[in-house]
There are 2 protein chains.
Amino acid sequence: MSDAEQTRQKILAVAAEEIHQHGFQATSLSTILNRCGISKGALYYHFTNKLELGYAVFEENYIPVFLGTWQPALSQNDPIEGLCEFFTSMCNSMVCNEAVCGCPLNNLCEEMANVDEGFRLRILSMQEKLNALIVESLERVQGDLRDNLVFSQVAYFIVATFHGATSLTKSSRNKELFQQVITELCLYIRALKK
Amino acid sequence: MSDAEQTRQKILAVAAEEIHQHGFQATSLSTILNRCGISKGALYYHFTNKLELGYAVFEENYIPVFLGTWQPALSQNDPIEGLCEFFTSMCNSMVCNEAVCGCPLNNLCEEMANVDEGFRLRILSMQEKLNALIVESLERVQGDLRDNLVFSQVAYFIVATFHGATSLTKSSRNKELFQQVITELCLYIRALKK
DNA sequence: CTTGCAACAGACCAATCGGTTTGTTATTGT
DNA sequence: ACAATAACAAACCGATTGGTCTGTTGCAAG
């Protein structure tokens with residue numbers, strides 16, 4: 001990796017952290033510069049403005065990480081159990097920082113969806129992709145599931161509940177609350193089976 | 001109502017709107033001043049600083065409205081149907097502005113819970129109150145419900161899903177998505193009965 | 001009649017914001 | 001050897017932020 005590409009990646013990584021912790025609008029470019037040990041010239045050489053930096057963080061960091069965490073769970077032989085194990089292990093491995101900062105995608109959705117159209121469309125596209133993934137995996141084991149299920153509806157329900165759980169955790173700073181919602185969610189998911 | 005109290009209420013009302021639409025941090029005091037047609041001196045006569053204004057909005061506007069919308073649903077003879085009708089009517093009556101701006105409480109939770117402890121504790125207290133309300137109403141009709149239900153867990157689950165649904169609606173700007181999650185949530189809630 | 005305070009008005013302030021511009025350095029092709 | 005460009009450094013800029021300070025006005029009590 002070239003020097004230039006290295007600084008670009010460094011910027012992306014630091015910006016991703018800052019945006020995750022403080023939100024996009026509250027993230028200060030000068031903080032990023034300080035943490036990276038670079039100048040403003042460097043940043044504006046690699047990114048045309050703050051918004052484009054935000055988009056780059058979203059596409060090059062958040063999306064891959066997001067898909068990388070959901071995909072394996074859904075490609076299990078039994079996606080129902082895959083999801084439940086995924087959620088449960090997330091409960092157990094969750095460190096304080098994650099609990100407090102929430103899901104980067106959901107954070108951006110809450111903050112930027114009605115502020116900037118570019119963010120909104122990117123978030124929407126990601127959510128639709130995740131929904132499609134879940135629907136796919138449910139269809140794959142359709143035979144084991146109850147009749148009359150509306151897969152897309154079920155998929156959105158699962159994601160909504162998950163994101164709601166992270167929101168609850170932010171205010172309570174209590175892993176147990178997250179765990180409770182997840183436990184109930186797993187009960188719901190397993191009840192999808194015949 | 002005295003003149004002074006009137007301006008105070010005006011400030012609170014306008015601030016509540018601005019915070020709902022743009023979040024607390026992105027809300028500009030000068031915007032509030034302009035919309036109210038008052039000076040900075042007036043605002044700082046009634047509130048010591050921006051944070052205290054935010055707290056006042058939360059306690060004097062958001063909390064009463066929030067409780068005022070959930071309470072009636074839960075005090076129905078049949079809280080299960082009360083909740084479902086509450087959610088469904090919210091789907092139908094939801095105008096674009098509400099869909100885009102989301103729930104004020106959840107917004108503040110996402111934005112401020114890990115930024116300011118004062119906000120976090122107020123939000124937490126409100127969430128616990130709502131949870132207690134739901135638990136109460138479930139206990140009231142305990143006889144009609146399935147055994148082995150953990151009421152508090154169920155209550156948090158319902159609220160989490162509801163808030164997750166509003167988040168989904170923000171990015172999609174699609175009432176139907178909200179409706180789908182709510183439909184599935186009502187299925188879940190009704191399935192709590194024997 | 002005047003003194004005092006509640007209820008503001010509005011100029012002013014330092015700090016910070018995102019963004020621009022100019023300058024410098026190291027490398028590379030010719 | 002030289003010109004060109006990539007990859008920055010850093011001073012600078014206008015706008016805006018939350019917050020302060022000094023006035024000013026109207027009413028009410030003494």
# chains A, B, ... in the order shown; residues from 1 in each chain; ligands from 1

$ interface_residues --of "chain D" --to "chain A" --cutoff "12 Å" --atoms "only C-alpha atoms (C1' of nucleotides)" --output "list of chain:residue names"
D:DA6, D:DA7, D:DC8, D:DA9, D:DA10, D:DA11

$ residues_around --residues "Glu60 (chain A)" --least-positions-apart "4" --cutoff "12 Å" --atoms "only C-alpha atoms (C1' of nucleotides)" --output "list in words"
Arg8, Gln9, Ile11, Leu12, Ala13, Ala15, Ala16, Glu52, Leu53, Gly54, Tyr55, Ala56, Pro64, Val65, Phe66, Leu67 and Arg122 of chain A

$ closest_atom_pairs --of "chain B" --to "chain A" --cutoff "8 Å" --atoms "only C-alpha atoms" --output "JSON lines"
{"residue": "B:His22", "atom": "CA", "partner": "A:Val115", "partner_atom": "CA", "distance": 7.7}
{"residue": "B:Gly23", "atom": "CA", "partner": "A:Glu111", "partner_atom": "CA", "distance": 7.7}
{"residue": "B:Gln25", "atom": "CA", "partner": "A:Ala26", "partner_atom": "CA", "distance": 7.7}
{"residue": "B:Ala26", "atom": "CA", "partner": "A:Gln25", "partner_atom": "CA", "distance": 7.7}
{"residue": "B:Val100", "atom": "CA", "partner": "A:Asn114", "partner_atom": "CA", "distance": 6.2}
{"residue": "B:Cys101", "atom": "CA", "partner": "A:Asn114", "partner_atom": "CA", "distance": 7.1}
{"residue": "B:Asn106", "atom": "CA", "partner": "A:Ser167", "partner_atom": "CA", "distance": 7.5}
{"residue": "B:Asn107", "atom": "CA", "partner": "A:Glu110", "partner_atom": "CA", "distance": 6.8}
{"residue": "B:Cys109", "atom": "CA", "partner": "A:Ser171", "partner_atom": "CA", "distance": 6.2}
{"residue": "B:Glu110", "atom": "CA", "partner": "A:Ser167", "partner_atom": "CA", "distance": 6.2}
{"residue": "B:Glu111", "atom": "CA", "partner": "A:Glu111", "partner_atom": "CA", "distance": 7.3}
{"residue": "B:Ala113", "atom": "CA", "partner": "A:Ser171", "partner_atom": "CA", "distance": 5.2}
{"residue": "B:Asn114", "atom": "CA", "partner": "A:Val100", "partner_atom": "CA", "distance": 6.2}
{"residue": "B:Val115", "atom": "CA", "partner": "A:His22", "partner_atom": "CA", "distance": 7.6}
{"residue": "B:Arg120", "atom": "CA", "partner": "A:Ser171", "partner_atom": "CA", "distance": 5.4}
{"residue": "B:Leu121", "atom": "CA", "partner": "A:Ser171", "partner_atom": "CA", "distance": 7.3}
{"residue": "B:Ile123", "atom": "CA", "partner": "A:Ser171", "partner_atom": "CA", "distance": 6.6}
{"residue": "B:Leu124", "atom": "CA", "partner": "A:Ser171", "partner_atom": "CA", "distance": 5.4}
{"residue": "B:Gln153", "atom": "CA", "partner": "A:Gln180", "partner_atom": "CA", "distance": 5.5}
{"residue": "B:Val154", "atom": "CA", "partner": "A:Glu184", "partner_atom": "CA", "distance": 6.8}
{"residue": "B:Tyr156", "atom": "CA", "partner": "A:Val181", "partner_atom": "CA", "distance": 6.3}
{"residue": "B:Phe157", "atom": "CA", "partner": "A:Val181", "partner_atom": "CA", "distance": 5.0}
{"residue": "B:Val159", "atom": "CA", "partner": "A:Gly164", "partner_atom": "CA", "distance": 7.5}
{"residue": "B:Ala160", "atom": "CA", "partner": "A:Gly164", "partner_atom": "CA", "distance": 4.0}
{"residue": "B:Thr161", "atom": "CA", "partner": "A:Thr161", "partner_atom": "CA", "distance": 4.1}
{"residue": "B:Phe162", "atom": "CA", "partner": "A:Gly164", "partner_atom": "CA", "distance": 7.3}
{"residue": "B:His163", "atom": "CA", "partner": "A:Gly164", "partner_atom": "CA", "distance": 5.4}
{"residue": "B:Gly164", "atom": "CA", "partner": "A:Ala160", "partner_atom": "CA", "distance": 4.0}
{"residue": "B:Ala165", "atom": "CA", "partner": "A:Ala160", "partner_atom": "CA", "distance": 5.3}
{"residue": "B:Ser167", "atom": "CA", "partner": "A:Glu110", "partner_atom": "CA", "distance": 6.2}
{"residue": "B:Leu168", "atom": "CA", "partner": "A:Ala160", "partner_atom": "CA", "distance": 6.8}
{"residue": "B:Lys170", "atom": "CA", "partner": "A:Ala113", "partner_atom": "CA", "distance": 6.0}
{"residue": "B:Ser171", "atom": "CA", "partner": "A:Ala113", "partner_atom": "CA", "distance": 5.2}
{"residue": "B:Ser172", "atom": "CA", "partner": "A:Leu124", "partner_atom": "CA", "distance": 5.9}
{"residue": "B:Leu177", "atom": "CA", "partner": "A:Tyr156", "partner_atom": "CA", "distance": 7.8}
{"residue": "B:Gln180", "atom": "CA", "partner": "A:Gln153", "partner_atom": "CA", "distance": 5.5}
{"residue": "B:Val181", "atom": "CA", "partner": "A:Phe157", "partner_atom": "CA", "distance": 5.0}
{"residue": "B:Glu184", "atom": "CA", "partner": "A:Phe157", "partner_atom": "CA", "distance": 6.7}
{"residue": "B:Leu185", "atom": "CA", "partner": "A:Phe157", "partner_atom": "CA", "distance": 7.5}
{"residue": "B:Tyr188", "atom": "CA", "partner": "A:Tyr188", "partner_atom": "CA", "distance": 7.9}

$ closest_residue --among "A:Cys186, A:Leu130, A:Ala191, A:Asn34" --to "Arg146 (chain A)" --atoms "only C-alpha atoms"
A:Ala191

$ atom_distance --atom1 "C1' of DA11 (chain C)" --atom2 "CA of Thr48 (chain B)"
19.7 Å

$ select_by_dssp --residues "region 15-179 of chain B" --states "helix (DSSP H, G or I)" --output "ChimeraX atom specification"
/B:15-22,29-36,40-46,50-74,79-93,96-101,104-112,117-140,142-144,151-172,175-179

$ closest_atom_pairs --of "chain C" --to "chain A" --cutoff "9 Å" --atoms "only C-alpha atoms (C1' of nucleotides)" --output "CSV"
residue,atom,partner,partner_atom,distance
C:DC17,C1',A:Ser28,CA,7.9
C:DG18,C1',A:Lys50,CA,7.6
C:DG19,C1',A:Asn49,CA,7.9

$ write_last_selection --atoms "all heavy atoms" --output "short mmCIF file (atom, residue, chain, number, x, y, z; two decimals), in the first residue's frame"
data_model
loop_
_atom_site.label_atom_id
_atom_site.label_comp_id
_atom_site.auth_asym_id
_atom_site.auth_seq_id
_atom_site.Cartn_x
_atom_site.Cartn_y
_atom_site.Cartn_z
P DC C 17 -14.28 22.41 16.22
OP1 DC C 17 -14.66 21.13 16.80
OP2 DC C 17 -12.85 22.71 15.93
"O5'" DC C 17 -15.12 22.66 14.90
"C5'" DC C 17 -16.52 22.93 15.03
"C4'" DC C 17 -17.06 23.48 13.72
"O4'" DC C 17 -16.80 24.91 13.67
"C3'" DC C 17 -16.36 22.93 12.49
"O3'" DC C 17 -17.01 21.74 12.09
"C2'" DC C 17 -16.58 24.05 11.47
"C1'" DC C 17 -16.63 25.32 12.33
N1 DC C 17 -15.39 26.16 12.28
C2 DC C 17 -15.35 27.28 11.46
O2 DC C 17 -16.33 27.53 10.75
N3 DC C 17 -14.23 28.05 11.45
C4 DC C 17 -13.19 27.73 12.23
N4 DC C 17 -12.12 28.53 12.20
C5 DC C 17 -13.23 26.58 13.08
C6 DC C 17 -14.33 25.83 13.07
P DG C 18 -16.24 20.70 11.12
OP1 DG C 18 -16.97 19.42 11.15
OP2 DG C 18 -14.82 20.75 11.47
"O5'" DG C 18 -16.42 21.38 9.69
"C5'" DG C 18 -17.74 21.54 9.18
"C4'" DG C 18 -17.68 22.37 7.91
"O4'" DG C 18 -16.97 23.60 8.18
"C3'" DG C 18 -16.96 21.69 6.75
"O3'" DG C 18 -17.65 22.00 5.54
"C2'" DG C 18 -15.57 22.31 6.80
"C1'" DG C 18 -15.87 23.72 7.31
N9 DG C 18 -14.76 24.30 8.07
C8 DG C 18 -14.10 23.70 9.11
N7 DG C 18 -13.15 24.45 9.62
C5 DG C 18 -13.19 25.60 8.86
C6 DG C 18 -12.38 26.78 8.93
O6 DG C 18 -11.45 27.02 9.71
N1 DG C 18 -12.75 27.72 7.97
C2 DG C 18 -13.76 27.54 7.06
N2 DG C 18 -13.97 28.55 6.21
N3 DG C 18 -14.52 26.45 6.98
C4 DG C 18 -14.18 25.53 7.90
P DG C 19 -17.07 21.39 4.14
OP1 DG C 19 -18.18 21.31 3.18
OP2 DG C 19 -16.28 20.19 4.46
"O5'" DG C 19 -16.09 22.54 3.64
"C5'" DG C 19 -16.63 23.84 3.41
"C4'" DG C 19 -15.52 24.79 2.96
"O4'" DG C 19 -14.66 25.08 4.07
"C3'" DG C 19 -14.62 24.25 1.84
"O3'" DG C 19 -14.72 25.13 0.72
"C2'" DG C 19 -13.22 24.25 2.44
"C1'" DG C 19 -13.35 25.26 3.58
N9 DG C 19 -12.41 25.03 4.67
C8 DG C 19 -12.31 23.92 5.47
N7 DG C 19 -11.38 24.01 6.38
C5 DG C 19 -10.82 25.27 6.17
C6 DG C 19 -9.76 25.93 6.84
O6 DG C 19 -9.09 25.53 7.78
N1 DG C 19 -9.53 27.20 6.30
C2 DG C 19 -10.22 27.76 5.25
N2 DG C 19 -9.85 28.98 4.87
N3 DG C 19 -11.21 27.14 4.62
C4 DG C 19 -11.45 25.92 5.12
#

$ residues_around --residues "Glu136 (chain A)" --least-positions-apart "3" --cutoff "12 Å" --atoms "only C-alpha atoms (C1' of nucleotides)" --output "list in words"
Gln71, Leu74, Ser75, Pro79, Lys129, Leu130, Asn131, Ala132, Leu133, Glu139, Arg140, Val141, Gln142, Phe151, Ser152, Val154 and Ala155 of chain A

$ write_last_selection --atoms "N, CA and C atoms" --output "mmCIF file, in the first residue's frame"
data_model
loop_
_atom_site.group_PDB
_atom_site.id
_atom_site.type_symbol
_atom_site.label_atom_id
_atom_site.label_comp_id
_atom_site.auth_asym_id
_atom_site.auth_seq_id
_atom_site.Cartn_x
_atom_site.Cartn_y
_atom_site.Cartn_z
ATOM 1 N N GLN A 71 -23.796 -11.532 7.573
ATOM 2 C CA GLN A 71 -23.711 -12.591 6.557
ATOM 3 C C GLN A 71 -23.488 -13.990 7.133
ATOM 4 N N LEU A 74 -26.410 -15.649 8.675
ATOM 5 C CA LEU A 74 -27.515 -15.985 7.778
ATOM 6 C C LEU A 74 -27.174 -17.116 6.806
ATOM 7 N N SER A 75 -25.887 -17.352 6.606
ATOM 8 C CA SER A 75 -25.541 -18.416 5.649
ATOM 9 C C SER A 75 -25.385 -19.765 6.322
ATOM 10 N N PRO A 79 -30.508 -20.934 9.379
ATOM 11 C CA PRO A 79 -30.393 -19.485 9.623
ATOM 12 C C PRO A 79 -31.130 -19.037 10.871
ATOM 13 N N LYS A 129 -30.737 -4.237 1.439
ATOM 14 C CA LYS A 129 -29.841 -5.370 1.181
ATOM 15 C C LYS A 129 -29.917 -6.372 2.335
ATOM 16 N N LEU A 130 -29.862 -5.854 3.549
ATOM 17 C CA LEU A 130 -29.942 -6.736 4.718
ATOM 18 C C LEU A 130 -31.277 -7.462 4.737
ATOM 19 N N ASN A 131 -32.325 -6.710 4.438
ATOM 20 C CA ASN A 131 -33.645 -7.326 4.414
ATOM 21 C C ASN A 131 -33.696 -8.459 3.387
ATOM 22 N N ALA A 132 -33.138 -8.202 2.211
ATOM 23 C CA ALA A 132 -33.117 -9.222 1.158
ATOM 24 C C ALA A 132 -32.354 -10.455 1.614
ATOM 25 N N LEU A 133 -31.259 -10.228 2.324
ATOM 26 C CA LEU A 133 -30.449 -11.344 2.821
ATOM 27 C C LEU A 133 -31.255 -12.215 3.770
ATOM 28 N N GLU A 139 -36.384 -18.062 3.069
ATOM 29 C CA GLU A 139 -36.963 -18.838 1.968
ATOM 30 C C GLU A 139 -36.246 -20.170 1.795
ATOM 31 N N ARG A 140 -34.967 -20.136 2.099
ATOM 32 C CA ARG A 140 -34.150 -21.339 1.927
ATOM 33 C C ARG A 140 -34.642 -22.479 2.822
ATOM 34 N N VAL A 141 -35.182 -22.103 3.994
ATOM 35 C CA VAL A 141 -35.673 -23.134 4.918
ATOM 36 C C VAL A 141 -37.187 -23.017 5.085
ATOM 37 N N GLN A 142 -37.803 -22.539 4.027
ATOM 38 C CA GLN A 142 -39.247 -22.287 4.037
ATOM 39 C C GLN A 142 -40.043 -23.490 4.537
ATOM 40 N N PHE A 151 -42.369 -13.019 4.744
ATOM 41 C CA PHE A 151 -40.938 -13.025 5.044
ATOM 42 C C PHE A 151 -40.342 -11.628 5.168
ATOM 43 N N SER A 152 -40.682 -10.778 4.217
ATOM 44 C CA SER A 152 -40.115 -9.425 4.243
ATOM 45 C C SER A 152 -40.520 -8.702 5.526
ATOM 46 N N VAL A 154 -41.355 -10.095 8.370
ATOM 47 C CA VAL A 154 -40.625 -10.717 9.471
ATOM 48 C C VAL A 154 -39.199 -10.179 9.535
ATOM 49 N N ALA A 155 -38.590 -10.039 8.372
ATOM 50 C CA ALA A 155 -37.196 -9.579 8.319
ATOM 51 C C ALA A 155 -37.072 -8.154 8.868
#

$ atom_distance --atom1 "CA of Met90 (chain B)" --atom2 "CA of Val57 (chain B)"
23.1 Å

$ closest_residue --among "D:DC27, D:DA4, D:DG14, D:DC21" --to "DC13 (chain C)" --atoms "only C-alpha atoms (C1' of nucleotides)"
D:DC21

$ atom_distance --atom1 "CA of Lys194 (chain A)" --atom2 "CA of Leu145 (chain A)"
5.1 Å

$ residues_around --residues "DA15 (chain C)" --least-positions-apart "4" --cutoff "12 Å" --atoms "only C-alpha atoms (C1' of nucleotides)" --output "count of residues only"
4
